[in-house]
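Chemist: Before we start, here is the structure in question, set down as structure tokens.
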Amino acid sequence: MTIGQFAYASNTNHFLAAQALVSQAFAVCGVPFDGAVTNRPGARFGPQEIRRASLMLCDGIHPYFNVSPLEYLGDAEDMRLPNASPLVQVRDAIASQAALLMAKHHCVFIGGDHSITLPLLRAAKARYGKLALIHFDAHCDTWADHFGEMSGHGTWTYEAIQEGLVDPIRTVQIGIRSSGDRAAREYVQDQGGAIYTARSLRGKDGEALAAAIFEIKARIGDSPCYLTLDIDCLDPAFAPGTGTPEPGGLTSAQLLTFLEELATLQFVGMDCVEVAPAYDHAELTSQAAAAFIWTYLSGQVKKINIEKA
Ligand SMILES: [Mn+2]
């Protein structure tokens with residue numbers, strides 16, 4: 001494992017630094033690559049900002065799950081990536097480094113743009129078999145090409161289904177609202193999966209989300225499941241610091257409800273992508289990303305504690 005492209009502040013109490021990596025059940029790893037964006041670059045700086053934003057979280061116990069993930073967590077720092085190489089080479093580097101980490105830890109990857117998810121899914125599929133997928137995003141990411149190129153940050157879901165990395169029946173998209181032709185916007189549904197558009201979730205929170213959450217749990221069952229969280233699923237009011245913002249998105253409260261209630265699924269890993277600090281205000285976006293990652297980790301640690309008890 002080559003690490004430390006930024007070697008950021010590993011002597012402070014952010015959610016990675018407190019423990020040595022080797023024996024930890026969970027690992028967080030930065031993937032500082034944004035060479036496949038459509039619009040505004042900058043997500044390569046996401047990992048360092050999200051780490052910094054996590055400073056206060058691990059001082060205490062999660063208010064819903066009543067655990068702290070800190071003692072189970074190690075920091076793999078950032079992947080070393082050939083940022084100027086073709087996307088296919090970058091993705092090979094991501095997949096091979098991810099495979100090493102996944103062999104020892106339940107991993108959370110911090111992007112980076114959304115093109116990193118395809119190689120992360122390749123590594124996860126090799127380890128766990130065909131995956132269920134929960135995909136929070138404003139964008140469907142099922143375009144069959146990337147503005148004339150083969151691949152980019154808006155094609156990976158299409159490619160993951162085409163490659164057989166994920167089971168389309170057990171693929172769920174939440175928060176979708178961007179422009180695009182119908183064939184792309186509804187691709188997952190056409191393949192047998194489920195799409196919960198931002199419009200269909202408007203004004204629903206807490207108990208009003210129960211029906212959707214029940215449906216999602218029934219669909220995924222006990223399949224190994226990967227979670228990918230594009231921070232632009234949130235309304236730009238909650239997460240302005242992203243490359244391709246789309247007004248009319250989820251609230252932080254809605255996303256927290258989903259993460260809390262879906263925590264019982266058989267998750268095998270997650271990523272959080274598209275945090276671009278240069279467009280952020282008052283660290284809103286990095287704080288949100290850190291809190292959601294912390295919530296995911298707390299939910300998974302809670303399950304370990306239950307198994308021990
Ligand atoms: Mn997106």
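By order of appearance in the structure tokens: chains A, B, ..., then residues from 1 within every chain, and ligands from 1 in the order shown.
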Once you count only C-alpha atoms and all ligand atoms, which residues end up within 9 Å of ligand 1, and could you hand them over as a VMD selection string?

Modeler: chain A and resid 113 to 114 136 to 141 153 to 154 176 178 229 to 233 242 to 246 273 to 274

Chemist: Quick one: which stretch 98-174 of chain A residues come within 12 Å of stretch 300-306 of chain A, and what is the nearest atom pair for each with the distance in Å to one decimal, counting only C-alpha atoms, rows ordered by chain and ascending number, as JSON lines?

Modeler:
```
{"residue": "A:His106", "atom": "CA", "partner": "A:Gln300", "partner_atom": "CA", "distance": 9.3}
{"residue": "A:Cys107", "atom": "CA", "partner": "A:Gln300", "partner_atom": "CA", "distance": 11.1}
{"residue": "A:Val108", "atom": "CA", "partner": "A:Gln300", "partner_atom": "CA", "distance": 11.3}
```

Chemist: Kindly save the residues from that selection, with N, CA and C atoms included, as a CSV table (one decimal), in the first residue's frame.

Modeler:
```
chain,number,residue,atom,x,y,z
A,106,HIS,N,-13.1,-3.3,6.5
A,106,HIS,CA,-14.3,-2.7,5.9
A,106,HIS,C,-14.0,-1.3,5.6
A,107,CYS,N,-14.1,-0.9,4.3
A,107,CYS,CA,-13.5,0.4,3.9
A,107,CYS,C,-14.5,1.5,3.6
A,108,VAL,N,-14.1,2.7,3.9
A,108,VAL,CA,-14.8,3.9,3.5
A,108,VAL,C,-13.8,4.7,2.6
```

Chemist: Give the alpha helix (DSSP H) residues of stretch 134-280 of chain A, as DSSP finds them on the backbone, and put them as a PyMOL selection string.

Modeler: chain A and resi 156-162+182-185+187-190+198-201+210-220+252-261

Chemist: Which residues come within 8 Å of A:Asp280, counting only C-alpha atoms, excluding same-chain residues fewer than 5 positions away, as a PyMOL selection string?

Modeler: chain A and resi 239-242+285

Chemist: Keeping only N, CA and C atoms, take the residues you just selected and write them out as a CSV table (one decimal), in the first residue's frame.

Modeler:
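Final file, again.csv:
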```
chain,number,residue,atom,x,y,z
A,239,ALA,N,-25.1,21.6,0.7
A,239,ALA,CA,-23.8,21.1,0.2
A,239,ALA,C,-23.4,21.9,-1.0
A,240,PRO,N,-23.1,23.2,-0.9
A,240,PRO,CA,-22.7,24.0,-2.1
A,240,PRO,C,-21.4,23.6,-2.7
A,241,GLY,N,-20.5,23.0,-1.9
A,241,GLY,CA,-19.1,22.7,-2.4
A,241,GLY,C,-19.0,21.5,-3.2
A,242,THR,N,-19.5,21.5,-4.4
A,242,THR,CA,-19.5,20.4,-5.3
A,242,THR,C,-19.4,20.8,-6.7
A,285,THR,N,-20.1,21.8,3.3
A,285,THR,CA,-20.1,20.6,2.6
A,285,THR,C,-19.2,19.5,3.2
```

Chemist: Between atom CA of A:Thr171 and atom CA of A:Gly193, measure the distance and give it in Å to one decimal.

Modeler: 5.0 Å

Chemist: Excluding A:Val268 and any residue of its chain fewer than 4 positions from it, enumerate the residues within 7 Å of it, using only C-alpha atoms, and give them as a list in words.

Modeler: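 Listed by chain and then number, they are His106, Pro224, Cys225 and Tyr226 of chain A.
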
Chemist: Can I get the selection written as a PDB file, in the first residue's frame, with C-alpha atoms?

Modeler:
```
ATOM      1  CA  HIS A 106     -14.309  -2.715   5.928  1.00  0.00           C
ATOM      2  CA  PRO A 224     -23.710  -7.722   0.099  1.00  0.00           C
ATOM      3  CA  CYS A 225     -24.375  -4.045  -0.488  1.00  0.00           C
ATOM      4  CA  TYR A 226     -22.153  -1.119  -1.464  1.00  0.00           C
TER       5      TYR A 226
END
```

Chemist: Give me the residues within 9 Å of A:Leu87 as a list in words, counting only C-alpha atoms and dropping any in the same chain fewer than 3 places off.

Modeler: Gly35, Ala36, Asn83, Ala84, Val90, Arg91, Asp92, Ser115, Ser151 and Gly152 of chain A

Chemist: I need the chosen residues saved as an mmCIF file, in the first residue's frame, with N, CA and C atoms.

Modeler:
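Final file, again27.cif:
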```cif
data_model
loop_
_atom_site.group_PDB
_atom_site.id
_atom_site.type_symbol
_atom_site.label_atom_id
_atom_site.label_comp_id
_atom_site.auth_asym_id
_atom_site.auth_seq_id
_atom_site.Cartn_x
_atom_site.Cartn_y
_atom_site.Cartn_z
ATOM 1 N N GLY A 35 -10.012 13.864 -12.287
ATOM 2 C CA GLY A 35 -9.702 14.034 -13.703
ATOM 3 C C GLY A 35 -10.813 13.653 -14.655
ATOM 4 N N ALA A 36 -11.980 13.273 -14.146
ATOM 5 C CA ALA A 36 -13.058 12.807 -15.031
ATOM 6 C C ALA A 36 -14.340 13.618 -14.861
ATOM 7 N N ASN A 83 -2.142 10.910 -11.614
ATOM 8 C CA ASN A 83 -3.212 11.854 -11.957
ATOM 9 C C ASN A 83 -3.204 12.315 -13.409
ATOM 10 N N ALA A 84 -2.063 12.230 -14.072
ATOM 11 C CA ALA A 84 -2.006 12.706 -15.451
ATOM 12 C C ALA A 84 -2.141 11.574 -16.464
ATOM 13 N N VAL A 90 -5.601 5.155 -14.183
ATOM 14 C CA VAL A 90 -5.932 5.645 -12.838
ATOM 15 C C VAL A 90 -6.833 4.638 -12.138
ATOM 16 N N ARG A 91 -7.829 4.152 -12.888
ATOM 17 C CA ARG A 91 -8.772 3.201 -12.285
ATOM 18 C C ARG A 91 -8.086 1.889 -11.911
ATOM 19 N N ASP A 92 -7.134 1.437 -12.711
ATOM 20 C CA ASP A 92 -6.402 0.225 -12.338
ATOM 21 C C ASP A 92 -5.645 0.433 -11.025
ATOM 22 N N SER A 115 -16.032 9.078 -10.769
ATOM 23 C CA SER A 115 -15.440 8.029 -11.615
ATOM 24 C C SER A 115 -14.681 7.001 -10.785
ATOM 25 N N SER A 151 -15.807 7.115 -21.104
ATOM 26 C CA SER A 151 -16.101 6.974 -19.686
ATOM 27 C C SER A 151 -15.787 8.277 -18.974
ATOM 28 N N GLY A 152 -16.439 8.473 -17.830
ATOM 29 C CA GLY A 152 -16.182 9.670 -17.033
ATOM 30 C C GLY A 152 -16.872 9.525 -15.693
#
```
